[in-house]
file protein_9.cif (mmCIF, C-alpha atoms)
data_protein
loop_
_atom_site.label_atom_id
_atom_site.label_comp_id
_atom_site.auth_asym_id
_atom_site.auth_seq_id
_atom_site.Cartn_x
_atom_site.Cartn_y
_atom_site.Cartn_z
CA MET A 1 -23.72 26.60 -34.37
CA PRO A 2 -20.32 27.69 -35.74
CA GLN A 3 -18.70 25.44 -38.32
CA ARG A 4 -16.12 23.08 -36.87
CA LEU A 5 -12.52 23.77 -37.80
CA THR A 6 -10.55 21.19 -39.76
CA ALA A 7 -6.86 20.60 -40.38
CA GLN A 8 -7.16 22.65 -43.56
CA ASP A 9 -7.82 25.73 -41.44
CA PHE A 10 -4.27 25.59 -40.01
CA ASP A 11 -0.77 25.86 -41.44
CA GLN A 12 0.85 22.43 -41.78
CA GLU A 13 3.91 23.65 -39.86
CA LEU A 14 1.61 24.61 -36.97
CA LEU A 15 0.07 21.12 -37.01
CA VAL A 16 3.57 19.65 -36.79
CA LEU A 17 4.29 21.88 -33.78
CA PHE A 18 1.04 20.78 -32.16
CA ASP A 19 1.91 17.12 -32.71
CA ALA A 20 5.27 17.68 -31.01
CA TYR A 21 3.51 19.40 -28.11
CA VAL A 22 0.93 16.63 -27.77
CA HIS A 23 3.63 13.98 -27.67
CA GLY A 24 5.83 15.73 -25.14
CA THR A 25 8.76 16.74 -27.31
CA LEU A 26 7.77 20.41 -27.10
CA SER A 27 6.66 22.22 -23.96
CA ARG A 28 3.53 24.34 -23.76
CA ARG A 29 5.71 27.46 -23.61
CA GLY A 30 7.75 26.21 -26.57
CA PHE A 31 4.59 25.66 -28.58
CA LEU A 32 3.18 29.08 -27.74
CA ASP A 33 6.45 30.81 -28.59
CA GLN A 34 6.75 29.11 -31.98
CA ALA A 35 3.03 29.23 -32.78
CA GLN A 36 2.99 32.99 -32.47
CA ARG A 37 4.30 33.32 -36.02
CA TYR A 38 1.11 31.63 -37.28
CA ALA A 39 -1.24 33.87 -35.30
CA LYS A 40 -3.18 36.17 -37.59
CA ALA A 41 -6.35 38.27 -37.68
CA GLY A 42 -6.24 38.89 -33.95
CA VAL A 43 -5.90 35.22 -32.98
CA THR A 44 -3.20 34.66 -30.34
CA ALA A 45 -0.94 31.64 -29.98
CA ALA A 46 -2.98 30.64 -26.95
CA GLY A 47 -6.08 30.89 -29.10
CA LEU A 48 -4.52 28.58 -31.68
CA LEU A 49 -3.72 26.04 -28.96
CA ALA A 50 -7.29 26.19 -27.68
CA ALA A 51 -8.65 25.75 -31.19
CA LEU A 52 -6.50 22.66 -31.79
CA SER A 53 -7.24 21.06 -28.40
CA PRO A 54 -10.00 18.49 -27.79
CA ASN A 55 -13.64 19.47 -27.49
CA PHE A 56 -15.12 16.32 -25.96
CA ALA A 57 -18.73 17.46 -26.26
CA ALA A 58 -18.34 18.00 -30.02
CA GLY A 59 -17.18 14.43 -30.54
CA GLN A 60 -19.51 12.59 -28.19
CA GLN A 61 -21.71 10.06 -30.00
CA ILE A 62 -23.09 8.00 -27.12
CA LYS A 63 -24.05 9.75 -23.90
CA PRO A 64 -22.69 8.20 -20.68
CA ASP A 65 -26.23 7.57 -19.43
CA ASP A 66 -27.50 6.03 -22.68
CA ALA A 67 -29.86 3.25 -21.59
CA ARG A 68 -28.71 1.03 -24.45
CA VAL A 69 -25.31 0.57 -22.80
CA LYS A 70 -24.43 -0.89 -19.42
CA THR A 71 -21.19 0.59 -18.07
CA GLU A 72 -19.17 0.26 -14.89
CA THR A 73 -15.77 1.16 -13.51
CA VAL A 74 -13.81 -1.88 -12.39
CA SER A 75 -10.41 -2.50 -10.82
CA VAL A 76 -8.20 -5.24 -12.26
CA PRO A 77 -5.38 -6.84 -10.23
CA SER A 78 -1.95 -6.24 -11.77
CA PRO A 79 0.63 -7.83 -9.43
CA GLN A 80 3.48 -7.53 -11.97
CA GLY A 81 2.56 -3.94 -12.76
CA SER A 82 1.18 -1.16 -10.57
CA GLY A 83 -0.73 -3.47 -8.24
CA SER A 84 -4.07 -2.74 -9.87
CA ILE A 85 -5.50 -0.77 -12.77
CA LYS A 86 -8.93 0.76 -13.10
CA GLY A 87 -10.90 0.77 -16.30
CA TYR A 88 -14.23 1.43 -17.97
CA LEU A 89 -16.28 -1.62 -18.99
CA ALA A 90 -19.19 -1.38 -21.43
CA ARG A 91 -21.64 -3.98 -22.72
CA PRO A 92 -24.88 -3.65 -24.68
CA ALA A 93 -27.68 -3.54 -22.11
CA SER A 94 -29.77 -5.90 -24.23
CA ALA A 95 -27.12 -8.63 -24.01
CA GLY A 96 -27.77 -9.45 -20.37
CA THR A 97 -25.26 -12.10 -19.34
CA ALA A 98 -24.80 -13.46 -22.87
CA LYS A 99 -21.24 -14.25 -23.86
CA LEU A 100 -19.76 -11.58 -26.11
CA PRO A 101 -16.45 -11.18 -27.94
CA ALA A 102 -14.24 -8.72 -26.08
CA ILE A 103 -12.22 -5.71 -27.20
CA LEU A 104 -9.50 -3.98 -25.19
CA VAL A 105 -9.60 -0.24 -25.94
CA ILE A 106 -6.30 1.59 -25.43
CA HIS A 107 -6.15 5.35 -25.10
CA GLU A 108 -3.71 7.98 -26.34
CA ASN A 109 -1.04 9.47 -24.08
CA ARG A 110 -3.52 11.29 -21.88
CA GLY A 111 -5.20 8.41 -20.12
CA LEU A 112 -8.84 7.41 -20.06
CA ASN A 113 -10.50 10.64 -21.15
CA PRO A 114 -14.15 11.15 -22.23
CA HIS A 115 -13.34 10.50 -25.89
CA ILE A 116 -12.01 6.99 -25.18
CA GLU A 117 -14.98 6.26 -22.91
CA ASP A 118 -17.23 7.26 -25.80
CA ILE A 119 -15.41 4.90 -28.18
CA THR A 120 -15.85 2.13 -25.62
CA ARG A 121 -19.60 2.74 -25.57
CA ARG A 122 -19.69 2.78 -29.38
CA LEU A 123 -18.11 -0.67 -29.46
CA ALA A 124 -20.67 -1.93 -26.95
CA LEU A 125 -23.50 -0.79 -29.22
CA ASP A 126 -21.84 -2.75 -32.02
CA GLY A 127 -22.22 -5.93 -30.00
CA PHE A 128 -18.92 -6.21 -28.15
CA MET A 129 -17.86 -6.22 -24.53
CA ALA A 130 -15.34 -3.37 -24.45
CA PHE A 131 -12.90 -2.51 -21.69
CA ALA A 132 -10.74 0.62 -21.56
CA PRO A 133 -8.05 0.61 -18.83
CA ASP A 134 -6.59 3.86 -17.51
CA ALA A 135 -2.78 3.81 -17.54
CA LEU A 136 -2.81 6.80 -15.17
CA THR A 137 -4.39 4.73 -12.37
CA PRO A 138 -1.20 4.68 -10.21
CA LEU A 139 -1.06 8.49 -10.43
CA GLY A 140 -4.69 8.99 -9.47
CA GLY A 141 -6.32 8.37 -12.86
CA TYR A 142 -7.21 10.72 -15.67
CA PRO A 143 -7.22 14.18 -14.01
CA GLY A 144 -9.89 15.80 -16.19
CA ASP A 145 -7.36 18.14 -17.80
CA GLU A 146 -5.43 17.21 -20.94
CA ASP A 147 -2.28 19.17 -20.03
CA LYS A 148 -2.13 17.64 -16.55
CA ALA A 149 -2.80 14.21 -18.04
CA ARG A 150 0.03 14.57 -20.55
CA GLU A 151 2.42 15.71 -17.81
CA ALA A 152 1.42 12.80 -15.58
CA PHE A 153 1.87 10.35 -18.45
CA GLY A 154 5.53 11.27 -18.65
CA ARG A 155 5.95 10.11 -15.05
CA LEU A 156 4.62 6.60 -15.59
CA GLU A 157 6.95 3.63 -15.19
CA GLN A 158 6.41 2.22 -18.68
CA PRO A 159 7.48 -1.40 -17.90
CA LYS A 160 4.83 -1.50 -15.15
CA THR A 161 2.31 0.15 -17.45
CA LEU A 162 2.86 -2.56 -20.03
CA GLN A 163 2.22 -5.20 -17.38
CA ASP A 164 -0.96 -3.37 -16.38
CA PHE A 165 -2.28 -3.82 -19.91
CA VAL A 166 -1.15 -7.43 -20.07
CA ALA A 167 -3.11 -8.01 -16.85
CA SER A 168 -6.12 -6.14 -18.25
CA ALA A 169 -6.09 -8.32 -21.37
CA ALA A 170 -5.91 -11.52 -19.32
CA TRP A 171 -8.75 -10.38 -17.06
CA LEU A 172 -10.95 -9.40 -19.99
CA LYS A 173 -10.33 -12.59 -21.94
CA ALA A 174 -11.13 -14.76 -18.89
CA ARG A 175 -14.47 -13.13 -18.04
CA ALA A 176 -17.37 -15.56 -17.82
CA ASP A 177 -19.53 -13.27 -19.95
CA GLY A 178 -17.01 -13.34 -22.80
CA THR A 179 -16.55 -15.84 -25.61
CA GLY A 180 -12.83 -16.18 -24.95
CA LYS A 181 -12.01 -14.28 -28.13
CA MET A 182 -10.45 -10.85 -27.66
CA GLY A 183 -9.24 -8.07 -29.89
CA ALA A 184 -7.47 -4.81 -29.13
CA VAL A 185 -7.75 -1.36 -30.66
CA GLY A 186 -5.54 1.58 -29.75
CA PHE A 187 -4.81 5.11 -30.84
CA CYS A 188 -1.37 6.78 -31.00
CA TRP A 189 0.30 5.60 -27.76
CA GLY A 190 -2.47 3.03 -27.58
CA GLY A 191 -1.71 1.91 -31.12
CA GLY A 192 1.86 1.30 -30.04
CA MET A 193 0.54 -0.69 -27.07
CA VAL A 194 -1.50 -2.88 -29.43
CA HIS A 195 1.71 -3.65 -31.33
CA ASN A 196 3.52 -4.42 -28.07
CA LEU A 197 0.74 -6.66 -26.79
CA ALA A 198 0.76 -8.57 -30.07
CA THR A 199 4.39 -9.54 -29.40
CA ARG A 200 3.47 -10.83 -25.93
CA LEU A 201 -0.01 -12.34 -26.25
CA PRO A 202 -0.14 -15.16 -28.80
CA ASP A 203 -3.84 -15.64 -28.00
CA LEU A 204 -4.79 -12.07 -28.95
CA THR A 205 -7.32 -12.76 -31.68
CA ALA A 206 -7.12 -9.47 -33.59
CA GLY A 207 -5.27 -6.16 -33.27
CA VAL A 208 -6.08 -2.74 -34.75
CA PRO A 209 -3.44 -0.05 -34.13
CA PHE A 210 -4.25 3.46 -35.29
CA TYR A 211 -1.03 5.42 -36.06
CA GLY A 212 1.01 3.74 -33.32
CA ASN A 213 4.75 3.40 -32.80
CA VAL A 214 6.16 -0.04 -33.59
CA PRO A 215 8.50 -2.29 -31.59
CA ALA A 216 11.96 -3.24 -32.75
CA VAL A 217 11.98 -5.15 -36.04
CA SER A 218 13.34 -8.20 -34.21
CA GLU A 219 10.08 -8.40 -32.21
CA ALA A 220 7.93 -9.01 -35.29
CA ALA A 221 8.70 -12.74 -35.31
CA LYS A 222 6.83 -13.09 -32.00
CA VAL A 223 3.53 -11.83 -33.42
CA LYS A 224 0.78 -14.38 -34.07
CA THR A 225 -2.11 -11.89 -34.18
CA PRO A 226 -3.80 -10.75 -37.40
CA LEU A 227 -3.33 -6.97 -37.64
CA LEU A 228 -5.26 -4.20 -39.34
CA VAL A 229 -3.06 -1.08 -39.36
CA HIS A 230 -4.36 2.44 -39.97
CA LEU A 231 -1.86 5.20 -40.84
CA ALA A 232 -2.31 8.89 -41.52
CA GLY A 233 -1.05 10.29 -44.79
CA ILE A 234 0.92 13.13 -43.17
CA ASP A 235 2.68 11.59 -40.15
CA ASP A 236 6.41 11.13 -40.74
CA ARG A 237 7.14 10.36 -37.08
CA ILE A 238 4.98 7.22 -37.18
CA ASN A 239 5.22 6.30 -40.85
CA ALA A 240 9.00 6.27 -41.23
CA PRO A 241 9.68 3.01 -39.32
CA TRP A 242 6.54 1.22 -40.53
CA PRO A 243 7.74 -0.31 -43.85
CA ALA A 244 10.61 -2.19 -42.20
CA TYR A 245 8.36 -3.52 -39.42
CA GLU A 246 5.63 -4.45 -41.88
CA ALA A 247 8.16 -6.37 -43.98
CA ALA A 248 9.33 -8.23 -40.87
CA LEU A 249 5.75 -9.12 -39.96
CA LYS A 250 5.06 -10.49 -43.41
CA ALA A 251 8.33 -12.42 -43.39
CA ALA A 252 7.16 -14.01 -40.14
CA GLY A 253 3.87 -15.04 -41.75
CA VAL A 254 1.71 -12.53 -39.89
CA ARG A 255 -1.53 -11.61 -41.61
CA VAL A 256 -1.27 -7.82 -41.74
CA THR A 257 -3.33 -5.34 -43.74
CA THR A 258 -2.26 -1.69 -43.91
CA HIS A 259 -4.33 1.30 -44.94
CA GLN A 260 -2.88 4.79 -45.27
CA TYR A 261 -5.36 7.64 -45.63
CA ALA A 262 -4.15 10.34 -48.02
CA ASN A 263 -3.85 13.92 -46.78
CA THR A 264 -4.87 13.06 -43.21
CA GLN A 265 -3.12 14.08 -40.00
CA HIS A 266 -2.01 11.99 -37.04
CA GLY A 267 -5.13 11.59 -34.91
CA PHE A 268 -7.55 11.69 -37.85
CA ASN A 269 -9.98 9.31 -36.11
CA ASN A 270 -10.30 11.51 -33.02
CA ASP A 271 -13.50 13.48 -33.60
CA THR A 272 -12.83 15.92 -30.76
CA THR A 273 -10.08 17.93 -32.53
CA PRO A 274 -9.64 19.71 -35.90
CA ARG A 275 -7.26 16.98 -37.01
CA PHE A 276 -10.35 14.76 -37.35
CA ASP A 277 -11.04 13.71 -40.93
CA ALA A 278 -14.64 12.51 -41.21
CA PRO A 279 -14.37 10.40 -44.41
CA ALA A 280 -11.15 8.69 -43.30
CA ALA A 281 -12.50 8.12 -39.80
CA LYS A 282 -15.68 6.52 -41.12
CA LEU A 283 -13.83 4.30 -43.58
CA SER A 284 -11.21 3.22 -41.05
CA TRP A 285 -13.85 2.53 -38.39
CA ASP A 286 -16.03 0.54 -40.79
CA ARG A 287 -12.98 -1.51 -41.68
CA THR A 288 -12.17 -1.96 -38.00
CA LEU A 289 -15.63 -3.26 -37.13
CA ALA A 290 -15.63 -5.62 -40.12
CA PHE A 291 -12.18 -6.90 -39.11
CA PHE A 292 -13.25 -7.55 -35.54
CA LYS A 293 -16.47 -9.26 -36.58
CA ALA A 294 -14.60 -11.46 -39.05
CA ASN A 295 -11.96 -12.50 -36.52
CA LEU A 296 -13.91 -12.49 -33.25
CA GLY A 297 -17.25 -13.77 -34.51
#

call {"tool": "encode", "arguments": {"input": "protein_9.cif", "output": "structure tokens"}}
result
Amino acid sequence: MPQRLTAQDFDQELLVLFDAYVHGTLSRRGFLDQAQRYAKAGVTAAGLLAALSPNFAAGQQIKPDDARVKTETVSVPSPQGSGSIKGYLARPASAGTAKLPAILVIHENRGLNPHIEDITRRLALDGFMAFAPDALTPLGGYPGDEDKAREAFGRLEQPKTLQDFVASAAWLKARADGTGKMGAVGFCWGGGMVHNLATRLPDLTAGVPFYGNVPAVSEAAKVKTPLLVHLAGIDDRINAPWPAYEAALKAAGVRVTTHQYANTQHGFNNDTTPRFDAPAAKLSWDRTLAFFKANLG
């Protein structure tokens, strides 16, 4: 099996271009045109894009049919949002109908892809009831193609999408097979959604945003949720506004712990791409599980 590529195998300027492409500020054509200068040894710009893009099989830890996990797709009413939102629910099969603490899992800006489903199953095996909604539900759901998913994401009505996740949180917290305690973890766009939910849901028991955008500083006073924040070391787009928001949270009495992982890229926890950093991902995930267990019981 060939050795997996890491961020160190790519020029930093190329990784910055890829981040811009992933987040919609650079088109596919724009990326390919600018990436060409980094193509070497017969590798084309298209080849570089392919090498940087997710390989879901490489990152899968828990197979979808793993007998230790009980999963189902459910539809949650969202009258203030898109009408309804579908999502992926996972519980440990051994738990039966026992009441479990719940975790809302919030994807990146491509919808509910196989990587996020895998994370949801991982949380189930750690003893939680985990639910991952798909923001792309009103547009037909995750399309099975990352480029199409990213394009569709840009067409979402974000105020309705926010309400879809508020509805998902309320539904999850109220389930009879839950303890009534609920946390939320999100990645990139999903990390930003965790921050937003924390300003709107005073009963959110714990929040863990991975490299997510923050709300306006004035919103920090609304937060009542303990937060564990994970930041990449090389991620100016996300890191620049964080100190001011963190200061506002602390001024408001919010219990917030921040960890920044040196020399890591945005997306370092995503084990389907070369930006994955195994030591930082393990440390941040161990901290995440400990945080949830301490706050959710």

call {"tool": "resolve_selection", "arguments": {"input": "protein_9.cif", "expression": "the PyMOL selection byres ((chain A and resi 268-271) around 9)", "output": "list in words"}}
result
Pro54, Asn55, Phe56, Ala58, Gly59, Gln60, His115, Phe187, Phe210, Ala232, Thr264, Gln265, His266, Gly267, Thr272, Thr273, Pro274, Arg275, Phe276, Asp277, Ala278, Ala280, Ala281, Lys282, Ser284 and Trp285 of chain A

call {"tool": "resolve_selection", "arguments": {"input": "protein_9.cif", "expression": "the PyMOL selection byres ((chain A and resi 79) around 12)", "output": "MDAnalysis selection string"}}
result
chainID A and resid 76:78 80:85 160:161 163:168

call {"tool": "residues_around", "arguments": {"input": "protein_9.cif", "residues": "Ser27 (chain A)", "least_positions_apart": "4", "cutoff": "12 Å", "atoms": "only C-alpha atoms", "output": "list in words"}}
result
Leu17, Phe18, Asp19, Ala20, Tyr21, Val22, His23, Phe31, Leu32, Asp33, Gln34, Ala35, Asp147, Arg150 and Glu151 of chain A

call {"tool": "write_last_selection", "arguments": {"input": "protein_9.cif", "atoms": "C-alpha atoms", "output": "PDB file, in the coordinates of the input"}}
result
ATOM      1  CA  LEU A  17       4.290  21.880 -33.780  1.00  0.00           C
ATOM      2  CA  PHE A  18       1.040  20.780 -32.160  1.00  0.00           C
ATOM      3  CA  ASP A  19       1.910  17.120 -32.710  1.00  0.00           C
ATOM      4  CA  ALA A  20       5.270  17.680 -31.010  1.00  0.00           C
ATOM      5  CA  TYR A  21       3.510  19.400 -28.110  1.00  0.00           C
ATOM      6  CA  VAL A  22       0.930  16.630 -27.770  1.00  0.00           C
ATOM      7  CA  HIS A  23       3.630  13.980 -27.670  1.00  0.00           C
ATOM      8  CA  PHE A  31       4.590  25.660 -28.580  1.00  0.00           C
ATOM      9  CA  LEU A  32       3.180  29.080 -27.740  1.00  0.00           C
ATOM     10  CA  ASP A  33       6.450  30.810 -28.590  1.00  0.00           C
ATOM     11  CA  GLN A  34       6.750  29.110 -31.980  1.00  0.00           C
ATOM     12  CA  ALA A  35       3.030  29.230 -32.780  1.00  0.00           C
ATOM     13  CA  ASP A 147      -2.280  19.170 -20.030  1.00  0.00           C
ATOM     14  CA  ARG A 150       0.030  14.570 -20.550  1.00  0.00           C
ATOM     15  CA  GLU A 151       2.420  15.710 -17.810  1.00  0.00           C
TER      16      GLU A 151
END

call {"tool": "resolve_selection", "arguments": {"input": "protein_9.cif", "expression": "the PyMOL selection byres ((chain A and resi 238-253) around 12)", "output": "NGL selection string"}}
result
:A and (19 or 23 or 187-189 or 191-192 or 195 or 198-199 or 209-237 or 254-261 or 265-267)

call {"tool": "atom_distance", "arguments": {"input": "protein_9.cif", "atom1": "CA of Arg155 (chain A)", "atom2": "CA of Asn196 (chain A)"}}
result
19.7 Å

call {"tool": "axis_aligned_box", "arguments": {"input": "protein_9.cif", "around": "region 187-201 of chain A", "padding_each_side": "5 Å", "output": "JSON"}}
result
{"center_x": -0.2, "center_y": -2.8, "center_z": -28.6, "size_x": 19.2, "size_y": 29.1, "size_z": 15.4}

call {"tool": "residues_around", "arguments": {"input": "protein_9.cif", "residues": "Leu156 (chain A)", "least_positions_apart": "2", "cutoff": "10 Å", "atoms": "all atoms listed in the file", "output": "ChimeraX atom specification"}}
result
/A:82,135-139,151-154,158-161

call {"tool": "closest_residue", "arguments": {"input": "protein_9.cif", "among": "A:Ala290, A:Leu104, A:Ile119, A:Ala124", "to": "Leu197 (chain A)", "atoms": "all atoms listed in the file"}}
result
A:Leu104

call {"tool": "atom_distance", "arguments": {"input": "protein_9.cif", "atom1": "CA of Glu72 (chain A)", "atom2": "CA of Val185 (chain A)"}}
result
19.5 Å

call {"tool": "atom_distance", "arguments": {"input": "protein_9.cif", "atom1": "CA of Phe131 (chain A)", "atom2": "CA of Ala67 (chain A)"}}
result
17.9 Å

call {"tool": "closest_residue", "arguments": {"input": "protein_9.cif", "among": "A:Gln12, A:Asn263, A:Thr71, A:Asn295", "to": "Tyr38 (chain A)", "atoms": "all atoms listed in the file"}}
result
A:Gln12

call {"tool": "closest_residue", "arguments": {"input": "protein_9.cif", "among": "A:Leu112, A:Ala176, A:Val194, A:Ala39", "to": "Leu14 (chain A)", "atoms": "only C-alpha atoms"}}
result
A:Ala39

call {"tool": "residues_around", "arguments": {"input": "protein_9.cif", "residues": "Arg68 (chain A)", "least_positions_apart": "4", "cutoff": "10 Å", "atoms": "only C-alpha atoms", "output": "list in words"}}
result
Ile62, Lys63, Arg91, Pro92, Ala93, Ser94, Ala95, Arg121, Ala124 and Leu125 of chain A

call {"tool": "closest_residue", "arguments": {"input": "protein_9.cif", "among": "A:Pro101, A:Ala184, A:Lys86, A:Gly178", "to": "Gly140 (chain A)", "atoms": "all atoms listed in the file"}}
result
A:Lys86

call {"tool": "closest_residue", "arguments": {"input": "protein_9.cif", "among": "A:Leu15, A:Gly42, A:Ile116, A:Ile103", "to": "Gln61 (chain A)", "atoms": "only C-alpha atoms"}}
result
A:Ile116
